[in-house]
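First the structure, in the form of structure tokens, and then the observations on it.
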Amino acid sequence: MLKPLIKFCTNEPYLVMIAVIGMSLFGWFSFRAVPIDAIPNVGENQVIVLTPWPGRSPKDVEDQITYPLSVSMLAVPGAESVRAKSLFGYSFVQVTFADEVDFYWARSRVSEQLGVAAAQLPDGVSPQLGPDATGLGQILYYVLEPPEAGMSLADLRSMQDFVIKYELQAVEGVSEVASIGGYVRQYQIEVDPDKLRYFSIPLDRVMMSVKSSNQDVGAKTLETTGMEFILRGKGFLGADGDTTKAITDLEETVVDQRGDVPVRIRDVATVQLGPDFRRGALDFNGAESVGGVVVMRYGENPRDVIDRVQKRIAQLEPALKGVSIRTVYDRTGLINETMATLSNALFEEILVTSAVILLFLLHLRSSLIVAICLPVAVLISFIAMRFVGVDSNIMSLAGIAIAIGTMVDMAIIISENVFQRVAETDPNAQLQAGDRSRLIQNAVVEVAPAVVTAVMTTIISFLPVFFLTGRDYRLFAPLAFTKSFAIAAALIAAVVIVPAMCRILLFNSKSSKTYAFITAMSLAGIFAALSRFVWSEHLLTWITAPMWMIDLVISIIGFALGWQLVRERVRPIEEIPTSRLVRWFYAARLRFALNHKFFAMLLPALLLLVGLGAWLGLPRVLRPFEIAVRKVGTELNDLPGYVQMKHSFEGLQSDDWISLD
């Protein structure tokens, strides 16, 4: 199967390159589509049930809410454990599911079970599901900065609760916007107990009067003069939105009646507008402030959600009466730094690989072949990540970054073997297209099976990672997936792209000077255009020189590269000084190792001994030798420095954190 594939890629190089370009574009779109976060989500697959019961002690909440809910949640299908916590006025129940259970399927099952459990709860208690987010869902924090004229914390909190919060919750991908700080505005009725005793009115009568008065009453319709009128009684307190009118309506609420004289709220209590009791505050730069936390929905792309929230904030700010929304934290910076780690590693690896190949082969086109394979393999890895469902984070991208060092090896091995076979041909001989194809095919087939075996060995070595369970699997599996994807993609690039590009770029005969001049001038023009319209801002920050001079230097570099690309010749290894130096040095060391096998094996044996000592501890590793020497009548512990050397490696401490299935 491998040989026909190599033959096809060599015979149809341009068709292969068109497919590579299409695959690269698809990989770029996959890169943009894969959710990108800074850190992996190692949290459990859980659903939280929150039940408020204001004013109740933790003991009452535990007995009447937490325990009935916990027992009922045990019947949810797929639930692995149920954990609960009772606080003052609140009950939290956490239902944990297996990792393979769909997140929203679990929420629907818990929601169904809540309907059964609600019958066992006290009247007026309504349990509710927590937001459909994970522990890493908090992606953006912001504070509200008042206008220059000033604004109270209560007004800022009201604007946050009734304007900003609803606007941001409507953004696609946002699960919840939590408000922090300030004062929650409420209407407060301070009852005078002496007046209640004077009128002989119980407190619950006051509460029921306020509750029953705050409602509209609907009636039928009335038809007159050919028109139909809807009858209703307006009873909502402060229906027009005026807080002063609402306070007046509350004060005029009738509690009881003595004869023909009504007893109103103002007769037994004082009505005012005040802050709710709070148990926390938001401090920003030493002063109290009001802010919010944007929580992302499960499975969304954090960077896209943050961009959408920032756009909505920019649209909303002009309508906030001078209040500005200041972002104090968003995960974009951390995400960009995480992506920069991969991009920098990829860029540096391409430069180093190209420089090394150029140094040892003194051939520009050979380094270009290997340099192209690396980004293509990374883009193919993102295609696999998209279909498998692996998100981009510091662990998954670390797998690609770690694999970059080995990804270039396969392309180097194949291209170097092709280079050597092409160099052995006579530069003056006019090879036919079929002869060049067979030459490249034979060179690739010589080393391709060994490359495939090496790649399969590397991928198989990561199989134990996939047997991890729980948080260990969620943490390390993305790294194993992406490293395997990257190495497999590099193998595809080496077997498919390298033969095709060698057919296009590796030839031993020189092109004509006219063709070389046209190519060099074209490349010089392209470099000059890039310097002027694309690289100008970056170049001016690094170089203090006129722009025309920078364009001239870059165009000269482009001309030189174009001329070299067309006119350079594939030379044998024996004619390249750097390669001859490397072969001489390696051949001398190899002859010494083969002639003195015992001394050559001492170093790896010593490294193996020290490695076992670092893992298991030197006292444990050296114990068999001590027992054997002690039988002869010698005590190794009496040797100067032996005990200190033996206890320099105590071994790794055991840790039960890692769990395998």
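Chain identifiers are assigned as A, B, and so on, following the order in which chains appear in the structure tokens; residues are numbered from 1 within each chain, and ligands are numbered from 1 in order of appearance.
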
Contacts of A:Ser200 at 12 Å (only C-alpha atoms; same-chain gap of 6+ positions) as JSON, numbers by chain
{"A": [193, 194, 206, 255, 256, 257, 258, 263, 268]}

Give me, as a PDB file with C-alpha atoms, in the first residue's frame, all polymer residues having an atom no more than 8 Å from stretch 112-125 of chain A, counting only C-alpha atoms and skipping those fewer than 4 positions away in the same chain.
```pdb
ATOM      1  CA  THR A  51     -32.497  25.958  46.437  1.00  0.00           C
ATOM      2  CA  PRO A  52     -32.924  29.259  48.309  1.00  0.00           C
ATOM      3  CA  TRP A  53     -34.933  29.296  51.544  1.00  0.00           C
ATOM      4  CA  GLN A  64     -36.237  19.775  54.961  1.00  0.00           C
ATOM      5  CA  ILE A  65     -34.485  20.535  51.655  1.00  0.00           C
ATOM      6  CA  PRO A  68     -34.963  15.072  50.444  1.00  0.00           C
ATOM      7  CA  LEU A  69     -33.260  16.429  47.322  1.00  0.00           C
ATOM      8  CA  SER A  72     -34.243  11.933  45.203  1.00  0.00           C
ATOM      9  CA  MET A  73     -31.185  12.716  43.038  1.00  0.00           C
ATOM     10  CA  ALA A  75     -32.384   7.899  41.347  1.00  0.00           C
ATOM     11  CA  VAL A  76     -31.145   9.980  38.399  1.00  0.00           C
ATOM     12  CA  SER A 108     -32.517  17.183  31.501  1.00  0.00           C
TER      13      SER A 108
END
```

Compile the contact shell of A:Met208 as a PyMOL selection string: residues with an atom at most 12 Å away, counting only C-alpha atoms, same-chain residues fewer than 4 positions apart removed.
chain A and resi 201-204+212-214+253-256+265

Selection file, N, CA, C and O atoms, as a PDB file, in the first residue's frame:
```pdb
ATOM      1  N   ILE A 201     -53.465  44.459  65.612  1.00  0.00           N
ATOM      2  CA  ILE A 201     -53.260  43.905  64.272  1.00  0.00           C
ATOM      3  C   ILE A 201     -52.031  42.998  64.324  1.00  0.00           C
ATOM      4  O   ILE A 201     -50.947  43.440  64.726  1.00  0.00           O
ATOM      5  N   PRO A 202     -52.173  41.736  63.931  1.00  0.00           N
ATOM      6  CA  PRO A 202     -50.998  40.858  63.893  1.00  0.00           C
ATOM      7  C   PRO A 202     -50.080  41.216  62.725  1.00  0.00           C
ATOM      8  O   PRO A 202     -50.505  41.830  61.736  1.00  0.00           O
ATOM      9  N   LEU A 203     -48.830  40.797  62.833  1.00  0.00           N
ATOM     10  CA  LEU A 203     -47.839  41.133  61.804  1.00  0.00           C
ATOM     11  C   LEU A 203     -48.161  40.477  60.461  1.00  0.00           C
ATOM     12  O   LEU A 203     -47.946  41.079  59.403  1.00  0.00           O
ATOM     13  N   ASP A 204     -48.669  39.240  60.498  1.00  0.00           N
ATOM     14  CA  ASP A 204     -48.960  38.582  59.232  1.00  0.00           C
ATOM     15  C   ASP A 204     -50.076  39.271  58.461  1.00  0.00           C
ATOM     16  O   ASP A 204     -50.156  39.169  57.233  1.00  0.00           O
ATOM     17  N   SER A 212     -51.473  41.225  48.875  1.00  0.00           N
ATOM     18  CA  SER A 212     -52.732  41.207  48.127  1.00  0.00           C
ATOM     19  C   SER A 212     -53.009  42.522  47.421  1.00  0.00           C
ATOM     20  O   SER A 212     -53.759  42.561  46.442  1.00  0.00           O
ATOM     21  N   SER A 213     -52.415  43.605  47.902  1.00  0.00           N
ATOM     22  CA  SER A 213     -52.687  44.904  47.269  1.00  0.00           C
ATOM     23  C   SER A 213     -51.879  45.104  46.000  1.00  0.00           C
ATOM     24  O   SER A 213     -52.251  45.911  45.148  1.00  0.00           O
ATOM     25  N   ASN A 214     -50.785  44.376  45.856  1.00  0.00           N
ATOM     26  CA  ASN A 214     -49.889  44.577  44.705  1.00  0.00           C
ATOM     27  C   ASN A 214     -50.294  43.662  43.551  1.00  0.00           C
ATOM     28  O   ASN A 214     -49.571  42.752  43.163  1.00  0.00           O
ATOM     29  N   THR A 253     -51.762  51.641  51.526  1.00  0.00           N
ATOM     30  CA  THR A 253     -52.342  50.298  51.556  1.00  0.00           C
ATOM     31  C   THR A 253     -53.135  50.092  52.849  1.00  0.00           C
ATOM     32  O   THR A 253     -52.634  50.369  53.945  1.00  0.00           O
ATOM     33  N   VAL A 254     -54.358  49.605  52.716  1.00  0.00           N
ATOM     34  CA  VAL A 254     -55.239  49.401  53.878  1.00  0.00           C
ATOM     35  C   VAL A 254     -54.922  48.049  54.509  1.00  0.00           C
ATOM     36  O   VAL A 254     -54.899  47.011  53.831  1.00  0.00           O
ATOM     37  N   VAL A 255     -54.693  48.084  55.830  1.00  0.00           N
ATOM     38  CA  VAL A 255     -54.417  46.865  56.586  1.00  0.00           C
ATOM     39  C   VAL A 255     -55.681  46.349  57.261  1.00  0.00           C
ATOM     40  O   VAL A 255     -55.991  45.154  57.225  1.00  0.00           O
ATOM     41  N   ASP A 256     -56.437  47.248  57.869  1.00  0.00           N
ATOM     42  CA  ASP A 256     -57.645  46.854  58.595  1.00  0.00           C
ATOM     43  C   ASP A 256     -58.599  48.046  58.591  1.00  0.00           C
ATOM     44  O   ASP A 256     -58.275  49.115  58.058  1.00  0.00           O
ATOM     45  N   ILE A 265     -50.976  51.381  56.078  1.00  0.00           N
ATOM     46  CA  ILE A 265     -49.591  51.014  56.426  1.00  0.00           C
ATOM     47  C   ILE A 265     -48.892  52.166  57.136  1.00  0.00           C
ATOM     48  O   ILE A 265     -48.144  51.957  58.097  1.00  0.00           O
TER      49      ILE A 265
END
```

How close does each residue of stretch 518-544 of chain A get to stretch 551-558 of chain A, giving the shortest atom pair and distance in Å to one decimal for every residue with an atom at most 6 Å away, counting only C-alpha atoms, sorted by chain and residue number, as JSON lines?
```
{"residue": "A:Leu523", "atom": "CA", "partner": "A:Gly558", "partner_atom": "CA", "distance": 5.3}
{"residue": "A:Ala524", "atom": "CA", "partner": "A:Gly558", "partner_atom": "CA", "distance": 4.3}
{"residue": "A:Phe527", "atom": "CA", "partner": "A:Ser555", "partner_atom": "CA", "distance": 5.5}
{"residue": "A:Ala528", "atom": "CA", "partner": "A:Ser555", "partner_atom": "CA", "distance": 5.0}
{"residue": "A:Ser531", "atom": "CA", "partner": "A:Asp551", "partner_atom": "CA", "distance": 5.9}
```

Kindly export the residues of the current selection with N, CA, C and O atoms, as a compact mmCIF listing (two decimals), in the first residue's frame.
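Dumped to out-v4.txt:
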```txt
# COMPACT_ATOMS: atom_id res chain seq x y z
N LEU A 523 10.67 37.39 -7.67
CA LEU A 523 10.74 37.24 -6.22
C LEU A 523 11.16 38.55 -5.55
O LEU A 523 10.69 38.87 -4.45
N ALA A 524 12.01 39.31 -6.20
CA ALA A 524 12.40 40.61 -5.65
C ALA A 524 11.19 41.54 -5.58
O ALA A 524 11.00 42.28 -4.60
N PHE A 527 8.93 40.41 -2.67
CA PHE A 527 9.50 40.79 -1.37
C PHE A 527 9.37 42.29 -1.13
O PHE A 527 9.08 42.73 0.00
N ALA A 528 9.57 43.09 -2.17
CA ALA A 528 9.44 44.54 -2.01
C ALA A 528 7.99 44.92 -1.68
O ALA A 528 7.75 45.79 -0.83
N SER A 531 7.32 43.99 1.87
CA SER A 531 8.00 44.93 2.77
C SER A 531 7.24 46.24 2.89
O SER A 531 7.16 46.83 3.98
```

Between A:Thr224, A:Ser461, A:Asn45, A:Gln215, smallest distance to A:Phe103 by only C-alpha atoms belongs to A:Asn45

What's around A:Lys321 at 12 Å? Count only C-alpha atoms, leave out sequence neighbours fewer than 6 positions away in its own chain, and write the answer as a PyMOL selection string.
chain A and resi 144-151+155-156+159+163

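Using only C-alpha atoms for every distance, the candidate list A:Tyr329, A:Phe625, A:Tyr187, A:Phe229 yields A:Tyr187 as the residue closest to A:Thr270.
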
Can you pull out the residues contacting stretch 34-39 of chain A? Cut-off 8 Å, using only C-alpha atoms, and skip same-chain residues under 3 positions away; I want them as a list in words.
Ser30, Phe31, Gly299, Glu300, Asn301, Pro302, Arg303, Arg331, Leu334, Ile335, Thr338, Phe382, Met385, Arg386, Val390, Asp391, Ser392, Asn393, Ile394 and Met395 of chain A

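Within stretch 303-364 of chain A, residues classed as strand (DSSP E or B) by DSSP on backbone coordinates are A:Ser324, A:Ile325, A:Arg326, A:Thr327, A:Val328, A:Tyr329, A:Asp330.
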
Using all heavy atoms, can you write the selected residues to a file as an mmCIF file, in the first residue's frame?
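Once written, part.cif looks like this:
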```cif
data_model
loop_
_atom_site.group_PDB
_atom_site.id
_atom_site.type_symbol
_atom_site.label_atom_id
_atom_site.label_comp_id
_atom_site.auth_asym_id
_atom_site.auth_seq_id
_atom_site.Cartn_x
_atom_site.Cartn_y
_atom_site.Cartn_z
ATOM 1 N N SER A 324 -19.353 53.965 32.362
ATOM 2 C CA SER A 324 -18.500 53.176 31.478
ATOM 3 C C SER A 324 -18.247 51.800 32.090
ATOM 4 O O SER A 324 -18.181 51.654 33.316
ATOM 5 C CB SER A 324 -17.165 53.889 31.227
ATOM 6 O OG SER A 324 -16.477 54.114 32.450
ATOM 7 N N ILE A 325 -18.113 50.818 31.224
ATOM 8 C CA ILE A 325 -17.857 49.438 31.646
ATOM 9 C C ILE A 325 -16.377 49.154 31.410
ATOM 10 O O ILE A 325 -15.913 49.142 30.266
ATOM 11 C CB ILE A 325 -18.732 48.443 30.875
ATOM 12 C CG1 ILE A 325 -20.212 48.790 31.062
ATOM 13 C CG2 ILE A 325 -18.460 47.016 31.329
ATOM 14 C CD1 ILE A 325 -21.140 47.917 30.232
ATOM 15 N N ARG A 326 -15.676 48.928 32.491
ATOM 16 C CA ARG A 326 -14.226 48.693 32.404
ATOM 17 C C ARG A 326 -13.930 47.209 32.643
ATOM 18 O O ARG A 326 -14.273 46.666 33.686
ATOM 19 C CB ARG A 326 -13.477 49.547 33.424
ATOM 20 C CG ARG A 326 -11.966 49.309 33.432
ATOM 21 C CD ARG A 326 -11.271 50.247 34.376
ATOM 22 N NE ARG A 326 -9.848 50.012 34.439
ATOM 23 C CZ ARG A 326 -8.991 50.701 35.180
ATOM 24 N NH1 ARG A 326 -9.449 51.696 35.935
ATOM 25 N NH2 ARG A 326 -7.707 50.418 35.178
ATOM 26 N N THR A 327 -13.290 46.583 31.681
ATOM 27 C CA THR A 327 -12.924 45.175 31.822
ATOM 28 C C THR A 327 -11.671 45.063 32.683
ATOM 29 O O THR A 327 -10.642 45.656 32.365
ATOM 30 C CB THR A 327 -12.676 44.545 30.445
ATOM 31 O OG1 THR A 327 -13.843 44.687 29.638
ATOM 32 C CG2 THR A 327 -12.336 43.078 30.579
ATOM 33 N N VAL A 328 -11.754 44.330 33.752
ATOM 34 C CA VAL A 328 -10.604 44.152 34.639
ATOM 35 C C VAL A 328 -9.929 42.806 34.424
ATOM 36 O O VAL A 328 -8.783 42.614 34.839
ATOM 37 C CB VAL A 328 -11.018 44.306 36.117
ATOM 38 C CG1 VAL A 328 -11.503 45.716 36.384
ATOM 39 C CG2 VAL A 328 -12.108 43.306 36.503
ATOM 40 N N TYR A 329 -10.623 41.871 33.814
ATOM 41 C CA TYR A 329 -10.017 40.573 33.484
ATOM 42 C C TYR A 329 -10.814 39.929 32.370
ATOM 43 O O TYR A 329 -12.039 39.898 32.412
ATOM 44 C CB TYR A 329 -10.016 39.634 34.698
ATOM 45 C CG TYR A 329 -9.779 38.182 34.332
ATOM 46 C CD1 TYR A 329 -8.504 37.726 34.035
ATOM 47 C CD2 TYR A 329 -10.834 37.276 34.247
ATOM 48 C CE1 TYR A 329 -8.283 36.410 33.673
ATOM 49 C CE2 TYR A 329 -10.626 35.955 33.887
ATOM 50 C CZ TYR A 329 -9.351 35.522 33.612
ATOM 51 O OH TYR A 329 -9.139 34.219 33.256
ATOM 52 N N ASP A 330 -10.109 39.456 31.372
ATOM 53 C CA ASP A 330 -10.708 38.525 30.419
ATOM 54 C C ASP A 330 -9.620 37.549 29.991
ATOM 55 O O ASP A 330 -8.422 37.851 30.075
ATOM 56 C CB ASP A 330 -11.334 39.251 29.216
ATOM 57 C CG ASP A 330 -10.301 39.838 28.282
ATOM 58 O OD1 ASP A 330 -9.610 39.069 27.609
ATOM 59 O OD2 ASP A 330 -10.186 41.084 28.232
#
```

Contacts of A:Leu136 within 9 Å, only C-alpha atoms, excl. fewer than 6 positions in-chain, as a ChimeraX atom specification
/A:39-41,43,295-296

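The space between atom CA of A:Leu361 and atom CA of A:Ser343 spans 26.6 Å.
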
Exercise: A:Pro4 partners within 12 Å, only C-alpha atoms, chain neighbours under 3 positions left out, as a list in words
Met1, Lys7, Phe8, Cys9, Thr10, Asn11, Gln441, Asn442, Val444, Val445, Val495 and Val496 of chain A
